[in-house]
Protein chains: 2
Amino acid sequence: LKVAGVPRRTIWRTDDGAAVEIIDQTQLPHAFVTRRLESVADVATAIATMQVRGAPLIGATAAYGVCLQVSEDASDAAIAAACERLQATRPTAVNLGWALESMRSALQSQPLAEREAVAWQRAAAICDEDVATCRAIGKHGAELLIDAWERKRRAGPVEVLTHCNAGWLATVDWGTALAPIYDAAERGVSIHVWVSETRPRNQGAALTAWELANAGIPHTVIVDNVAGHLLQRGGVDLCLTGSDRTTASGDVCNKIGTYLKALAARENGVPFYVALPHSTIDWSLDDGVASIPIEERDGAEVRFVAGRSPSGVQTEVAILPDASAVANYAFDVTPAHLVTALVTERGICEASRAGLASLYPENA
Amino acid sequence: LKVAGVPRRTIWRTDDGAAVEIIDQTQLPHAFVTRRLESVADVATAIATMQVRGAPLIGATAAYGVCLQVSEDASDAAIAAACERLQATRPTAVNLGWALESMRSALQSQPLAEREAVAWQRAAAICDEDVATCRAIGKHGAELLIDAWERKRRAGPVEVLTHCNAGWLATVDWGTALAPIYDAAERGVSIHVWVSETRPRNQGAALTAWELANAGIPHTVIVDNVAGHLLQRGGVDLCLTGSDRTTASGDVCNKIGTYLKALAARENGVPFYVALPHSTIDWSLDDGVASIPIEERDGAEVRFVAGRSPSGVQTEVAILPDASAVANYAFDVTPAHLVTALVTERGICEASRAGLASLYPENA
């Protein structure tokens with residue numbers, strides 16, 4: 001997508017070839033700041049502090065982390081240590097392990113002298129594949145938006161409810177849940193997006209709203225509590241979110257609060273779609289509620305809210321008594337029976353083992 | 001309840017008799033500040049800016065607003081104008097109209113010279129009645145907590161999920177949803193409360209957490225998005241919220257987000273109780289979704305988050321792009337079929353016309 005008219009990805013190798021550069025997403029929406037990452041430590045910090053976030057972008061960034069390691073020390077031991085360190089940054093996103101495994105298997109058969117070049121090639125390929133995947137998700141998902149627009153006889157925009165940020169900023173380009181919106185908008189479909197702010201880190205308010213404003217897509221930010229009311233009153237034509245991990249049976253682990261929206265959508269007869277690349281599918285898991293570990297993050301994310309102060313600087317405010325305890329679960333699991341369909345780079349399928357097997361027979 | 005060891009109500013007439021004093025709830029949890037209200041204008045501002053909030057306390061404060069008017073000008077026209085002004089401050093809470101009507105009917109038959117004394121007596125009676133009502137709600141609701149504790153054989157605390165603030169601070173004393181918790185805790189029941197922060201104004205994080213900390217009740221603050229996850233994983237024994245308006249058929253209009261919690265409770269087989277005084281029942285309404293007007297408040301509540309800055313002052317931060325639109329619905333409606341039971345000052349009943357009629361035959 002373009003920022004101030006310039007086409008950009010969310011991660012790129014620097015011209016000197018010695019580092020990668022990212023957009024520091026903790027500074028959005030109020031400042032567009034890029035950061036240079038020169039080592040595995042820089043990459044681990046960027047992922048852990050969520051300067052980069054979103055399952056696909058985490059995977060791409062981790063892949064570049066391996067490149068930075070290999071540029072310094074390409075031994076098996078060094079690669080293994082780097083992978084272990086990067087894997088530990090975020091426990092839920094399955095892309096992280098997928099990207100690291102992809103790097104490891106590309107490198108292990110290579111002689112030491114070849115590894116640096118192979119690593120950078122493989123990481124670039126992971127990024128290019130992600131872009132192609134997101135573009136394909138966008139094309140398939142746009143059909144749902146076009147259908148919804150035609151069903152309402154183009155009387156007003158298609159009202160879409162999304163949660164968190166599964167957009168350009170969560171991937172290398174285009175996004176997953178937002179890719180169909182960008183694609184359909186390019187094809188002339190009128191769309192309005194309800195953006196759920198997505199506490200505790202407000203990725204909806206800070207990132208999705210910024211992306212949509214940047215792309216000129218009409219949108220309205222609401223607090224997370226509003227979703228049920230909107231769905232009950234007929235204000236939403238369809239819900240569309242991303243997924244951090246999807247089980248082989250179609251259960252969706254995504255940003256905390258997704259489950260509540262899916263329940264309200266089902267109750268009110270509104271379709272609930274989930275957009276995801278194959279890299280988020282965990283074929284080893286069946287029952288998401290029973291088997292997906294849910295990351296618990298630092299309680300400071302609940303206790304403090306970050307934003308721009310009246311004097312214009314990025315700061316944070318404490319919103320609860322110092323004496324009170326907090327808990328900070330980062331994801332929840334939406335069982336497959338609440339998901340109308342999955343939108344993947346290979347097409348749209350039922351959220352079930354049979355549905356996923358129809359698109360990915362090689363994994364079924 | 002006690003604050004720093006001193007028993008306090010949330011509103012009281014000043015010793016000089018010329019004003020009332022309130023706790024400025026916009027300053028909590030970080031500062032305990034009281035404010036003197038000397039006129040109808042002061043009272044209208046205090047209600048509209050939510051220095052006082054909570055349906056029962058809004059009613060009590062409005063009643064004192066009429067007293068301040070009558071102290072200055074006790075004519076029918078002045079009383080009517082004051083009531084009109086106070087009624088316009090908040091459109092949803094039914095107690096506001098109820099308290100104003102109670103004042104008006106007490107005053108209209110009185111000669112001018114008697115009206116000041118009668119007004120202060122009636123307002124004090126409204127407060128005393130509210131305290132008695134909340135105390136009775138607490139006694140009845142405590143039975144539910146005791147039952148839950150016995151059902152789990154006292155193995156760990158009763159895990160209660162609440163939303164917003166329906167506590168001492170929302171009433172004159174004790175609260176509605178929190179009254180059973182205070183009562184059961186006094187009777188030795190072990191309780192842990194999950195406090196949903198309740199965006200956009202964070203009354204859970206700022207007020208309920210402060211109240212519970214002040215009362216020594218163990219509690220954990222979560223973002224609103226977490227409720228579904230907790231209910232799905234068996235972390236909640238029962239839900240308990242207040243109500244801003246209850247229809248004759250048991251539909252509950254309460255703080256935005258209540259509906260999502262009720263859906264998740266039903267999905268996971270967890271009882272969902274609503275505590276309310278009779279003054280929140282609107283006998284004229286049946287279908288809450290179709291007929292309760294939902295207040296839309298200033299978008300600034302979504303755009304900015306208030307709290308304590310790193311330097312210790314109360315301030316607010318902007319959390320979304322200036323270019324993005326916002327919508328701010330303050331309440332939602334939970335249909336009666338999602339409510340396990342209503343807890344009133346007269347006892348516990350089914351959330352239905354028959355249930356309410358069994359407790360309030362004079363209104364049925």
# chains A, B, ... in the order shown; residues from 1 in each chain; ligands from 1
$ residues_around --residues "Leu112 (chain B)" --least-positions-apart "2" --cutoff "7 Å" --atoms "only C-alpha atoms" --output "mmCIF file with N, CA, C and O atoms, in the first residue's frame"
data_model
loop_
_atom_site.group_PDB
_atom_site.id
_atom_site.type_symbol
_atom_site.label_atom_id
_atom_site.label_comp_id
_atom_site.auth_asym_id
_atom_site.auth_seq_id
_atom_site.Cartn_x
_atom_site.Cartn_y
_atom_site.Cartn_z
ATOM 1 N N ALA B 74 -39.599 28.862 44.463
ATOM 2 C CA ALA B 74 -40.423 27.663 44.658
ATOM 3 C C ALA B 74 -41.670 27.661 43.787
ATOM 4 O O ALA B 74 -42.571 26.836 43.987
ATOM 5 N N SER B 75 -41.752 28.566 42.824
ATOM 6 C CA SER B 75 -42.956 28.644 41.981
ATOM 7 C C SER B 75 -43.102 27.395 41.110
ATOM 8 O O SER B 75 -42.114 26.714 40.810
ATOM 9 N N GLN B 110 -48.344 21.542 47.803
ATOM 10 C CA GLN B 110 -47.898 22.303 48.973
ATOM 11 C C GLN B 110 -47.979 23.811 48.711
ATOM 12 O O GLN B 110 -47.692 24.271 47.608
ATOM 13 N N GLU B 114 -44.158 26.236 52.243
ATOM 14 C CA GLU B 114 -43.778 24.924 52.781
ATOM 15 C C GLU B 114 -42.814 24.174 51.858
ATOM 16 O O GLU B 114 -42.235 23.169 52.254
ATOM 17 N N ARG B 115 -42.735 24.630 50.615
ATOM 18 C CA ARG B 115 -42.094 23.792 49.604
ATOM 19 C C ARG B 115 -40.618 23.506 49.872
ATOM 20 O O ARG B 115 -40.147 22.402 49.621
#
$ residues_around --residues "region 165-179 of chain A" --least-positions-apart "6" --cutoff "6 Å" --atoms "only C-alpha atoms" --output "list in words"
Arg9, Thr10, Arg53, Gly54, Pro56, Leu57, Val131, Cys134, Gly138, Gln203, Gly204, Thr208, Leu240, Thr241, Gly242, Ala275 and Leu276 of chain A
$ write_last_selection --atoms "all heavy atoms" --output "mmCIF file, in the first residue's frame"
data_model
loop_
_atom_site.group_PDB
_atom_site.id
_atom_site.type_symbol
_atom_site.label_atom_id
_atom_site.label_comp_id
_atom_site.auth_asym_id
_atom_site.auth_seq_id
_atom_site.Cartn_x
_atom_site.Cartn_y
_atom_site.Cartn_z
ATOM 1 N N ARG A 9 6.169 -1.687 1.626
ATOM 2 C CA ARG A 9 5.865 -2.867 2.408
ATOM 3 C C ARG A 9 6.099 -2.525 3.875
ATOM 4 O O ARG A 9 6.540 -1.409 4.199
ATOM 5 C CB ARG A 9 6.764 -4.033 1.972
ATOM 6 C CG ARG A 9 6.374 -4.568 0.574
ATOM 7 C CD ARG A 9 7.206 -5.772 0.225
ATOM 8 N NE ARG A 9 6.729 -6.396 -1.001
ATOM 9 C CZ ARG A 9 7.219 -7.532 -1.491
ATOM 10 N NH1 ARG A 9 8.206 -8.179 -0.841
ATOM 11 N NH2 ARG A 9 6.741 -8.046 -2.604
ATOM 12 N N THR A 10 5.795 -3.481 4.757
ATOM 13 C CA THR A 10 5.952 -3.203 6.188
ATOM 14 C C THR A 10 7.327 -3.611 6.705
ATOM 15 O O THR A 10 7.666 -3.322 7.850
ATOM 16 C CB THR A 10 4.883 -3.966 6.991
ATOM 17 O OG1 THR A 10 4.994 -5.352 6.660
ATOM 18 C CG2 THR A 10 3.492 -3.467 6.665
ATOM 19 N N ARG A 53 3.859 -6.680 14.640
ATOM 20 C CA ARG A 53 2.894 -7.656 15.154
ATOM 21 C C ARG A 53 2.038 -8.101 13.986
ATOM 22 O O ARG A 53 2.155 -7.579 12.875
ATOM 23 C CB ARG A 53 2.082 -7.136 16.345
ATOM 24 C CG ARG A 53 1.892 -5.680 16.490
ATOM 25 C CD ARG A 53 1.117 -5.061 15.396
ATOM 26 N NE ARG A 53 -0.184 -5.685 15.231
ATOM 27 C CZ ARG A 53 -0.894 -5.653 14.134
ATOM 28 N NH1 ARG A 53 -0.449 -5.039 13.056
ATOM 29 N NH2 ARG A 53 -2.065 -6.239 14.055
ATOM 30 N N GLY A 54 1.149 -9.063 14.243
ATOM 31 C CA GLY A 54 0.380 -9.679 13.163
ATOM 32 C C GLY A 54 1.108 -10.945 12.753
ATOM 33 O O GLY A 54 2.302 -10.917 12.448
ATOM 34 N N PRO A 56 1.460 -12.964 10.100
ATOM 35 C CA PRO A 56 2.346 -13.068 8.932
ATOM 36 C C PRO A 56 3.593 -12.177 9.042
ATOM 37 O O PRO A 56 4.700 -12.598 8.679
ATOM 38 C CB PRO A 56 1.443 -12.631 7.768
ATOM 39 C CG PRO A 56 0.041 -12.920 8.248
ATOM 40 C CD PRO A 56 0.092 -12.587 9.707
ATOM 41 N N LEU A 57 3.415 -10.966 9.557
ATOM 42 C CA LEU A 57 4.579 -10.074 9.656
ATOM 43 C C LEU A 57 5.562 -10.567 10.720
ATOM 44 O O LEU A 57 6.781 -10.434 10.554
ATOM 45 C CB LEU A 57 4.135 -8.633 9.947
ATOM 46 C CG LEU A 57 5.277 -7.610 10.041
ATOM 47 C CD1 LEU A 57 6.148 -7.600 8.785
ATOM 48 C CD2 LEU A 57 4.724 -6.215 10.317
ATOM 49 N N VAL A 131 2.965 -11.638 0.231
ATOM 50 C CA VAL A 131 2.262 -10.626 -0.570
ATOM 51 C C VAL A 131 1.308 -11.305 -1.552
ATOM 52 O O VAL A 131 0.138 -10.914 -1.684
ATOM 53 C CB VAL A 131 3.262 -9.722 -1.315
ATOM 54 C CG1 VAL A 131 2.520 -8.749 -2.240
ATOM 55 C CG2 VAL A 131 4.134 -8.962 -0.319
ATOM 56 N N CYS A 134 -1.682 -12.774 0.354
ATOM 57 C CA CYS A 134 -2.638 -11.750 0.791
ATOM 58 C C CYS A 134 -3.428 -11.212 -0.404
ATOM 59 O O CYS A 134 -4.640 -10.968 -0.294
ATOM 60 C CB CYS A 134 -1.916 -10.613 1.501
ATOM 61 S SG CYS A 134 -1.282 -11.095 3.120
ATOM 62 N N GLY A 138 -7.398 -11.407 -0.815
ATOM 63 C CA GLY A 138 -8.169 -10.217 -1.162
ATOM 64 C C GLY A 138 -9.121 -10.462 -2.318
ATOM 65 O O GLY A 138 -10.299 -10.083 -2.266
ATOM 66 N N GLN A 203 -5.124 -1.987 18.711
ATOM 67 C CA GLN A 203 -4.655 -2.120 17.326
ATOM 68 C C GLN A 203 -5.734 -1.703 16.324
ATOM 69 O O GLN A 203 -5.409 -1.310 15.211
ATOM 70 C CB GLN A 203 -4.236 -3.568 17.031
ATOM 71 C CG GLN A 203 -3.012 -4.031 17.789
ATOM 72 C CD GLN A 203 -3.389 -4.795 19.042
ATOM 73 O OE1 GLN A 203 -4.434 -4.540 19.660
ATOM 74 N NE2 GLN A 203 -2.565 -5.730 19.443
ATOM 75 N N GLY A 204 -6.999 -1.819 16.722
ATOM 76 C CA GLY A 204 -8.059 -1.342 15.840
ATOM 77 C C GLY A 204 -8.010 0.176 15.720
ATOM 78 O O GLY A 204 -7.925 0.727 14.621
ATOM 79 N N THR A 208 -5.679 -0.179 12.432
ATOM 80 C CA THR A 208 -6.679 -0.362 11.375
ATOM 81 C C THR A 208 -7.263 0.986 10.954
ATOM 82 O O THR A 208 -7.405 1.262 9.758
ATOM 83 C CB THR A 208 -7.783 -1.330 11.849
ATOM 84 O OG1 THR A 208 -7.184 -2.611 12.063
ATOM 85 C CG2 THR A 208 -8.895 -1.460 10.824
ATOM 86 N N LEU A 240 -15.622 -9.631 9.500
ATOM 87 C CA LEU A 240 -14.440 -10.135 8.811
ATOM 88 C C LEU A 240 -13.231 -9.879 9.704
ATOM 89 O O LEU A 240 -12.904 -8.729 9.986
ATOM 90 C CB LEU A 240 -14.302 -9.404 7.472
ATOM 91 C CG LEU A 240 -13.219 -9.818 6.491
ATOM 92 C CD1 LEU A 240 -13.244 -11.310 6.210
ATOM 93 C CD2 LEU A 240 -13.370 -9.031 5.190
ATOM 94 N N THR A 241 -12.618 -10.970 10.180
ATOM 95 C CA THR A 241 -11.439 -10.820 11.032
ATOM 96 C C THR A 241 -10.305 -11.688 10.495
ATOM 97 O O THR A 241 -10.504 -12.474 9.566
ATOM 98 C CB THR A 241 -11.715 -11.266 12.492
ATOM 99 O OG1 THR A 241 -11.753 -12.705 12.546
ATOM 100 C CG2 THR A 241 -13.014 -10.697 13.023
ATOM 101 N N GLY A 242 -9.150 -11.562 11.095
ATOM 102 C CA GLY A 242 -8.036 -12.434 10.791
ATOM 103 C C GLY A 242 -7.984 -13.609 11.747
ATOM 104 O O GLY A 242 -8.933 -13.862 12.503
ATOM 105 N N ALA A 275 -10.416 -14.468 7.555
ATOM 106 C CA ALA A 275 -9.456 -14.505 6.451
ATOM 107 C C ALA A 275 -8.097 -14.941 6.981
ATOM 108 O O ALA A 275 -7.639 -14.436 8.007
ATOM 109 C CB ALA A 275 -9.346 -13.123 5.810
ATOM 110 N N LEU A 276 -7.452 -15.872 6.309
ATOM 111 C CA LEU A 276 -6.193 -16.398 6.816
ATOM 112 C C LEU A 276 -5.358 -17.018 5.696
ATOM 113 O O LEU A 276 -5.889 -17.628 4.770
ATOM 114 C CB LEU A 276 -6.462 -17.470 7.868
ATOM 115 C CG LEU A 276 -7.295 -18.660 7.395
ATOM 116 C CD1 LEU A 276 -6.526 -19.955 7.632
ATOM 117 C CD2 LEU A 276 -8.612 -18.695 8.139
#
$ closest_residue --among "A:Asn95, A:Ser39, A:Ser358, A:Gln108" --to "His278 (chain A)" --atoms "only C-alpha atoms"
A:Asn95
$ closest_residue --among "B:Trp149, B:Tyr259, B:Tyr182, B:Tyr360" --to "Leu230 (chain A)" --atoms "only C-alpha atoms"
B:Tyr259
$ closest_atom_pairs --of "chain A" --to "chain B" --cutoff "7 Å" --atoms "only C-alpha atoms" --output "JSON lines"
{"residue": "A:Pro29", "atom": "CA", "partner": "B:Pro321", "partner_atom": "CA", "distance": 5.6}
{"residue": "A:His30", "atom": "CA", "partner": "B:Pro321", "partner_atom": "CA", "distance": 6.7}
{"residue": "A:Arg199", "atom": "CA", "partner": "B:Val223", "partner_atom": "CA", "distance": 6.3}
{"residue": "A:Pro200", "atom": "CA", "partner": "B:Val223", "partner_atom": "CA", "distance": 6.3}
{"residue": "A:Ala205", "atom": "CA", "partner": "B:Leu320", "partner_atom": "CA", "distance": 5.0}
{"residue": "A:Ala206", "atom": "CA", "partner": "B:Leu320", "partner_atom": "CA", "distance": 5.1}
{"residue": "A:Ala209", "atom": "CA", "partner": "B:Ser324", "partner_atom": "CA", "distance": 6.4}
{"residue": "A:Trp210", "atom": "CA", "partner": "B:Pro321", "partner_atom": "CA", "distance": 6.0}
{"residue": "A:Ala213", "atom": "CA", "partner": "B:Ser324", "partner_atom": "CA", "distance": 6.5}
{"residue": "A:His219", "atom": "CA", "partner": "B:Ala325", "partner_atom": "CA", "distance": 6.5}
{"residue": "A:Thr220", "atom": "CA", "partner": "B:Ala325", "partner_atom": "CA", "distance": 4.7}
{"residue": "A:Val221", "atom": "CA", "partner": "B:Val326", "partner_atom": "CA", "distance": 4.6}
{"residue": "A:Ile222", "atom": "CA", "partner": "B:Ala327", "partner_atom": "CA", "distance": 5.7}
{"residue": "A:Val223", "atom": "CA", "partner": "B:Arg199", "partner_atom": "CA", "distance": 6.3}
{"residue": "A:Asp224", "atom": "CA", "partner": "B:Asn225", "partner_atom": "CA", "distance": 6.7}
{"residue": "A:Asn225", "atom": "CA", "partner": "B:Gly257", "partner_atom": "CA", "distance": 4.0}
{"residue": "A:Val226", "atom": "CA", "partner": "B:Ile256", "partner_atom": "CA", "distance": 6.1}
{"residue": "A:Gly228", "atom": "CA", "partner": "B:Leu260", "partner_atom": "CA", "distance": 5.7}
{"residue": "A:His229", "atom": "CA", "partner": "B:Asp332", "partner_atom": "CA", "distance": 5.6}
{"residue": "A:Ile256", "atom": "CA", "partner": "B:Asn225", "partner_atom": "CA", "distance": 5.7}
{"residue": "A:Gly257", "atom": "CA", "partner": "B:Asn225", "partner_atom": "CA", "distance": 4.0}
{"residue": "A:Tyr259", "atom": "CA", "partner": "B:Gly228", "partner_atom": "CA", "distance": 6.4}
{"residue": "A:Leu260", "atom": "CA", "partner": "B:Gly228", "partner_atom": "CA", "distance": 5.7}
{"residue": "A:Leu263", "atom": "CA", "partner": "B:Leu263", "partner_atom": "CA", "distance": 6.7}
{"residue": "A:Ala264", "atom": "CA", "partner": "B:Leu260", "partner_atom": "CA", "distance": 6.7}
{"residue": "A:Val302", "atom": "CA", "partner": "B:Val223", "partner_atom": "CA", "distance": 6.7}
{"residue": "A:Ala306", "atom": "CA", "partner": "B:Ile319", "partner_atom": "CA", "distance": 7.0}
{"residue": "A:Gly307", "atom": "CA", "partner": "B:Ile319", "partner_atom": "CA", "distance": 4.7}
{"residue": "A:Arg308", "atom": "CA", "partner": "B:Ala318", "partner_atom": "CA", "distance": 4.9}
{"residue": "A:Ser309", "atom": "CA", "partner": "B:Val317", "partner_atom": "CA", "distance": 4.7}
{"residue": "A:Pro310", "atom": "CA", "partner": "B:Val317", "partner_atom": "CA", "distance": 6.7}
{"residue": "A:Glu316", "atom": "CA", "partner": "B:Ser309", "partner_atom": "CA", "distance": 6.5}
{"residue": "A:Val317", "atom": "CA", "partner": "B:Ser309", "partner_atom": "CA", "distance": 4.7}
{"residue": "A:Ala318", "atom": "CA", "partner": "B:Arg308", "partner_atom": "CA", "distance": 4.9}
{"residue": "A:Ile319", "atom": "CA", "partner": "B:Gly307", "partner_atom": "CA", "distance": 4.7}
{"residue": "A:Leu320", "atom": "CA", "partner": "B:Ala205", "partner_atom": "CA", "distance": 5.0}
{"residue": "A:Pro321", "atom": "CA", "partner": "B:Pro29", "partner_atom": "CA", "distance": 5.6}
{"residue": "A:Ala323", "atom": "CA", "partner": "B:Ala213", "partner_atom": "CA", "distance": 6.7}
{"residue": "A:Ser324", "atom": "CA", "partner": "B:Thr220", "partner_atom": "CA", "distance": 6.4}
{"residue": "A:Ala325", "atom": "CA", "partner": "B:Thr220", "partner_atom": "CA", "distance": 4.6}
{"residue": "A:Val326", "atom": "CA", "partner": "B:Val221", "partner_atom": "CA", "distance": 4.6}
{"residue": "A:Ala327", "atom": "CA", "partner": "B:Ile222", "partner_atom": "CA", "distance": 5.7}
{"residue": "A:Asn328", "atom": "CA", "partner": "B:Ile222", "partner_atom": "CA", "distance": 6.6}
{"residue": "A:Tyr329", "atom": "CA", "partner": "B:Val226", "partner_atom": "CA", "distance": 6.8}
{"residue": "A:Asp332", "atom": "CA", "partner": "B:His229", "partner_atom": "CA", "distance": 5.6}
$ select_by_dssp --residues "region 118-304 of chain B" --states "alpha helix (DSSP H)" --output "PyMOL selection string"
chain B and resi 118-151+179-186+203+209-215+227-232+258-267+288-291+300-303
$ closest_residue --among "A:Gly97, A:Gly216, A:Pro91, A:Pro180" --to "Ala4 (chain A)" --atoms "only C-alpha atoms"
A:Gly216
$ closest_residue --among "B:Lys152, B:Arg85, B:Arg245, B:His337" --to "Val66 (chain B)" --atoms "only C-alpha atoms"
B:Arg85
